[in-house]
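Text of model-v5.txt, listed as compact mmCIF, C-alpha atoms:
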```
# COMPACT_ATOMS: atom_id res chain seq x y z
CA MET O 247 271.55 43.94 160.51
CA ALA O 248 268.93 41.49 161.75
CA SER O 249 266.57 44.41 162.40
CA LEU O 250 267.07 45.73 158.85
CA ARG O 251 266.41 42.27 157.37
CA ARG O 252 263.25 41.96 159.46
CA ASP O 253 262.03 45.36 158.33
CA LEU O 254 262.66 44.49 154.67
CA VAL O 255 260.77 41.22 154.98
CA THR O 256 257.87 42.96 156.72
CA ALA O 257 257.74 45.73 154.11
CA THR O 258 257.86 43.23 151.23
CA LEU O 259 255.08 41.12 152.73
CA ALA O 260 252.96 44.25 153.33
CA ILE O 261 253.43 45.40 149.73
CA ALA O 262 252.55 41.97 148.38
CA PHE O 263 249.47 41.69 150.61
CA LEU O 264 248.17 45.17 149.77
CA THR O 265 248.83 44.62 146.05
CA VAL O 266 246.76 41.44 146.05
CA LEU O 267 244.04 42.98 148.25
CA LEU O 268 243.66 46.35 146.54
CA GLY O 269 244.98 45.53 143.08
CA VAL O 270 243.25 42.19 142.53
CA ALA O 271 240.66 41.22 145.14
CA TYR O 272 238.98 44.63 145.50
CA PRO O 273 238.59 45.32 141.74
CA LEU O 274 237.28 41.79 141.18
CA ALA O 275 234.80 42.15 144.05
CA THR O 276 233.49 45.55 142.93
CA THR O 277 233.26 44.38 139.31
CA GLY O 278 231.38 41.24 140.34
CA ILE O 279 228.95 43.16 142.55
CA ALA O 280 228.35 45.75 139.81
CA GLN O 281 227.72 43.06 137.20
CA ALA O 282 225.31 41.27 139.53
CA LEU O 283 223.34 44.33 140.65
CA PHE O 284 223.71 46.80 137.76
CA PRO O 285 224.80 44.85 134.65
CA GLY O 286 223.68 47.51 132.20
CA ALA O 287 225.41 50.41 133.93
CA ALA O 288 228.52 48.32 134.61
CA ASP O 289 228.88 47.65 130.88
CA GLY O 290 228.63 51.34 129.97
CA SER O 291 224.85 51.70 129.58
CA ARG O 292 225.21 50.58 125.98
CA VAL O 293 222.34 51.04 123.53
CA GLU O 294 221.70 48.19 121.10
CA ALA O 295 219.65 47.98 117.94
CA ASP O 296 219.15 44.73 116.06
CA GLY O 297 221.68 43.05 118.33
CA ARG O 298 224.44 45.58 117.66
CA VAL O 299 225.82 48.33 119.89
CA VAL O 300 225.08 51.78 118.42
CA GLY O 301 226.08 53.97 121.35
CA SER O 302 225.66 54.63 125.04
CA GLU O 303 222.88 56.24 127.06
CA LEU O 304 225.61 58.34 128.71
CA ILE O 305 227.52 59.67 125.69
CA GLY O 306 226.19 62.15 123.16
CA GLN O 307 226.81 61.73 119.43
CA ASP O 308 227.21 64.11 116.53
CA PHE O 309 224.27 64.19 114.11
CA ARG O 310 225.31 67.32 112.22
CA GLY O 311 224.72 67.05 108.50
CA LEU O 312 221.82 64.63 109.07
CA PRO O 313 218.72 66.86 109.10
CA ARG O 314 216.38 63.89 109.60
CA TYR O 315 217.77 63.45 113.12
CA PHE O 316 217.73 65.53 116.30
CA GLN O 317 221.09 67.16 117.02
CA SER O 318 222.93 66.91 120.34
CA ARG O 319 224.12 70.02 122.16
CA PRO O 320 227.56 71.45 121.25
CA SER O 321 230.59 69.52 122.48
CA ALA O 322 234.01 70.81 123.51
CA THR O 323 235.44 67.34 122.86
CA GLU O 324 233.79 66.60 119.50
CA TYR O 325 231.71 63.99 121.34
CA SER O 326 234.72 61.84 122.24
CA GLY O 327 233.84 59.44 125.05
CA SER O 328 237.49 59.05 126.02
CA VAL O 329 238.22 62.78 126.42
CA THR O 330 235.61 64.60 128.48
CA TYR O 331 236.01 68.15 129.70
CA PHE O 332 234.29 71.52 129.95
CA ASN O 333 235.54 74.49 127.94
CA ASN O 334 236.42 76.16 131.30
CA LEU O 335 235.65 79.65 129.99
CA GLY O 336 234.21 82.22 132.39
CA PRO O 337 231.12 84.41 131.84
CA ASN O 338 233.29 87.40 130.91
CA SER O 339 235.32 85.43 128.36
CA ARG O 340 235.29 86.90 124.88
CA GLU O 341 236.09 83.46 123.48
CA LEU O 342 232.99 82.01 125.17
CA SER O 343 230.81 84.84 123.89
CA GLU O 344 232.07 84.36 120.33
CA SER O 345 231.59 80.59 120.58
CA MET O 346 227.99 80.93 121.75
CA GLU O 347 227.23 83.50 119.07
CA ARG O 348 228.66 81.16 116.45
CA GLU O 349 226.56 78.26 117.74
CA LEU O 350 223.46 80.48 117.83
CA ARG O 351 223.90 81.53 114.21
CA ALA O 352 224.35 77.92 113.15
CA TYR O 353 221.27 76.84 115.12
CA LEU O 354 219.07 79.56 113.66
CA ARG O 355 220.36 78.87 110.15
CA ARG O 356 219.46 75.20 110.53
CA GLU O 357 216.05 75.60 112.19
CA ARG O 358 214.63 78.82 110.72
CA ARG O 359 214.18 77.13 107.37
CA TYR O 360 211.41 75.11 109.00
CA ASP O 361 210.22 77.79 111.46
CA PRO O 362 210.76 81.28 110.00
CA SER O 363 209.34 82.94 113.12
CA LEU O 364 212.02 81.44 115.40
CA SER O 365 213.93 84.21 117.20
CA ALA O 366 217.26 84.17 119.01
CA ALA O 367 215.46 84.82 122.30
CA GLU O 368 213.53 81.56 121.90
CA VAL O 369 216.65 79.39 121.53
CA PRO O 370 217.35 77.51 124.80
CA VAL O 371 220.80 77.87 126.33
CA ASP O 372 221.68 74.20 125.92
CA ALA O 373 221.45 74.61 122.14
CA VAL O 374 224.43 76.99 122.09
CA SER O 375 226.52 75.88 125.09
CA THR O 376 228.52 72.79 126.00
CA SER O 377 227.81 70.59 129.00
CA ALA O 378 230.25 70.04 131.88
CA SER O 379 231.41 66.73 130.41
CA GLY O 380 231.29 67.76 126.76
CA VAL O 381 229.36 64.59 125.91
CA ASP O 382 225.99 65.13 127.60
CA PRO O 383 223.53 62.80 125.80
CA GLN O 384 220.49 64.94 126.56
CA ILE O 385 219.01 68.17 125.29
CA SER O 386 216.23 70.21 126.85
CA GLU O 387 212.63 69.53 125.91
CA ALA O 388 212.39 73.10 124.55
CA ASN O 389 215.37 72.42 122.27
CA ALA O 390 213.83 69.16 121.05
CA ARG O 391 210.48 70.81 120.33
CA ILE O 392 212.16 73.43 118.15
CA GLN O 393 214.06 70.76 116.23
CA ALA O 394 210.88 68.68 115.87
CA ARG O 395 209.65 70.93 113.04
CA ARG O 396 212.74 70.20 110.96
CA VAL O 397 212.68 66.46 111.66
CA ALA O 398 208.97 66.21 110.85
CA ALA O 399 209.35 68.14 107.60
CA VAL O 400 212.40 66.18 106.39
CA ARG O 401 210.85 62.83 107.23
CA GLY O 402 207.39 63.71 105.98
CA LEU O 403 205.85 62.92 109.36
CA PRO O 404 203.06 64.81 111.13
CA LEU O 405 204.52 67.28 113.62
CA ARG O 406 202.22 65.88 116.31
CA ARG O 407 203.73 62.42 115.83
CA VAL O 408 207.27 63.73 116.28
CA LEU O 409 206.28 65.77 119.34
CA ASP O 410 204.70 62.67 120.85
CA LEU O 411 208.03 60.86 120.42
CA VAL O 412 209.80 63.78 122.11
CA SER O 413 207.44 63.52 125.08
CA ALA O 414 207.85 59.73 125.24
CA ASN O 415 211.64 60.09 125.39
CA THR O 416 211.73 62.92 127.92
CA GLU O 417 213.20 61.95 131.27
CA GLY O 418 212.00 63.76 134.38
CA ARG O 419 214.00 65.34 137.18
CA PHE O 420 216.18 63.01 139.26
CA LEU O 421 214.10 61.91 142.26
CA ALA O 422 211.53 64.43 140.97
CA LEU O 423 213.60 67.19 142.57
CA PHE O 424 217.04 67.61 141.01
CA GLY O 425 218.02 68.89 137.58
CA GLU O 426 215.75 69.55 134.65
CA PRO O 427 213.81 67.21 132.33
CA GLY O 428 215.91 66.10 129.36
CA VAL O 429 215.56 64.24 126.08
CA ASN O 430 218.09 61.52 125.24
CA VAL O 431 219.00 62.31 121.63
CA LEU O 432 220.26 58.87 120.58
CA GLU O 433 217.23 57.06 121.96
CA LEU O 434 214.88 59.60 120.36
CA ASN O 435 216.58 59.19 116.98
CA LEU O 436 216.35 55.41 117.24
CA ALA O 437 212.65 55.75 118.08
CA LEU O 438 212.27 57.87 114.93
CA ASP O 439 213.92 55.18 112.83
CA LYS O 440 211.42 52.64 114.14
CA THR O 441 208.70 54.93 112.86
CA ARG O 442 210.32 55.33 109.46
CA PRO O 443 213.76 53.70 109.13
CA THR O 444 216.42 55.95 107.58
CA GLY O 445 219.63 54.11 108.35
CA LEU O 446 220.89 55.51 111.67
CA LYS O 447 222.50 52.19 112.57
CA ARG O 448 224.44 52.07 109.31
CA VAL O 449 225.69 55.62 109.77
CA TYR O 450 226.84 55.26 113.34
CA MET O 451 228.15 51.72 113.43
CA THR O 452 231.03 53.06 111.32
CA ARG O 453 231.87 55.58 114.05
CA LEU O 454 231.56 53.41 117.13
CA SER O 455 234.23 51.09 118.45
CA PRO O 456 233.41 47.36 118.26
CA VAL O 457 232.63 47.21 121.99
CA GLY O 458 230.69 50.48 122.09
CA GLY O 459 233.40 52.27 124.06
CA GLY O 460 232.99 55.56 122.29
CA VAL O 461 233.14 57.29 118.97
CA SER O 462 236.03 56.28 116.77
CA ARG O 463 237.65 59.12 114.87
```
Here is a file; write its structure as structure tokens.
Amino acid sequence: MASLRRDLVTATLAIAFLTVLLGVAYPLATTGIAQALFPGAADGSRVEADGRVVGSELIGQDFRGLPRYFQSRPSATEYSGSVTYFNNLGPNSRELSESMERELRAYLRRERRYDPSLSAAEVPVDAVSTSASGVDPQISEANARIQARRVAAVRGLPLRRVLDLVSANTEGRFLALFGEPGVNVLELNLALDKTRPTGLKRVYMTRLSPVGGGVSR
């Protein structure tokens, strides 16, 4: 009986100690270190405009129906920051093939109005496929350059000016070795609004949560 009591006391003390260590002290320590060393990333890499959060550098947004803005790549999650996943369809999937064909038709319908010579073969793969997370904030430079014709025409800007903004917002390969260059769509669209404001902040502040935690639906 004494041995059982001793074992219960030891187990209780161990649980209490580990709960405090791993459930309180460790999270507080990692949070404090992250806030001290990487405050922006620790807070979700939020993007602000005029003192208000309009999105995150890490989460794509939906700009469909707004031809004056660059459009993000397709999303399997409808750009929800709280539900990220890949469509998990294989290369032989009929559903995947139909989805990509549907996205290709929509892309050509949107962009050919401003570039009649655009062919299906010229459309980059990221324009018709989802990313692994479903909320990738970047598109390829080739995709952005195709969309630049539409954005320039709708805004009444010189194409060269829009292409310069694309180049200025293109991020290179990680460590100059990994991945491909990409264009952050939200930051590019905000840069466009600084050139000629068209109300991006008003449109998207109605879709973002008060703390910038994702898109509210």
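Residues in contact with Pro370 (chain O) at up to 10 Å, not including ones fewer than 3 positions away on its chain and judged by only C-alpha atoms, are Leu350, Ala366, Ala367, Ala373, Val374, Ser375, Ile385, Ser386, Glu387, Ala388, Asn389, Ala390 and Ile392 of chain O.
Of the listed residues (O:Gln317, O:Ser302, O:Asn334, O:Ser291), O:Asn334 comes nearest to Ser379 (chain O); the distances count all atoms listed in the file.
Atom pair CA of Val369 (chain O) / CA of Val300 (chain O) has a distance of 29.0 Å (rounded to one decimal).
You will find CA of Asp382 (chain O) at 23.9 Å from CA of Ala398 (chain O).
Remark: for Arg395 (chain O), the closest of the candidate residues O:Leu354, O:Val408, O:Ala422, O:Leu259 is O:Val408 (distances computed over only C-alpha atoms).
Ranking O:Thr276, O:Glu324, O:Gln384, O:Tyr353 by their shortest atom-to-atom distance to Ser365 (chain O), with only C-alpha atoms included, puts O:Tyr353 first.
The spacing separating CA of Leu438 (chain O) from CA of Pro320 (chain O) amounts to 21.4 Å.
Shortest separation to Pro313 (chain O) among O:Val397, O:Ala378, O:Leu436, O:Leu411 occurs at residue O:Val397, atoms counted being only C-alpha atoms.
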Box centre and edge lengths (Å, one decimal), axis-aligned, region 399-407 of chain O plus 4 Å each side, as AutoDock Vina command-line options:
```
--center_x 207.3 --center_y 65.3 --center_z 111.1 --size_x 18.2 --size_y 13.7 --size_z 18.3
```
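For the set O:Ala399, O:Leu364, O:Leu254, O:Leu432, the residue with the smallest atom-to-atom gap to Val381 (chain O) is O:Leu432, counting all atoms listed in the file.
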Glu417 (chain O): which residues within 9 Å, counting only C-alpha atoms, same-chain residues fewer than 2 positions away excluded, as JSON, numbers by chain? {"O": [413, 414, 415, 419, 420, 426, 427, 428, 429, 430]}
Give me the residues within 12 Å of Ser345 (chain O) as number ranges by chain, counting all atoms listed in the file and dropping any in the same chain fewer than 4 places off. O: 320-322, 333, 335, 337, 339-341, 349-352, 373-376
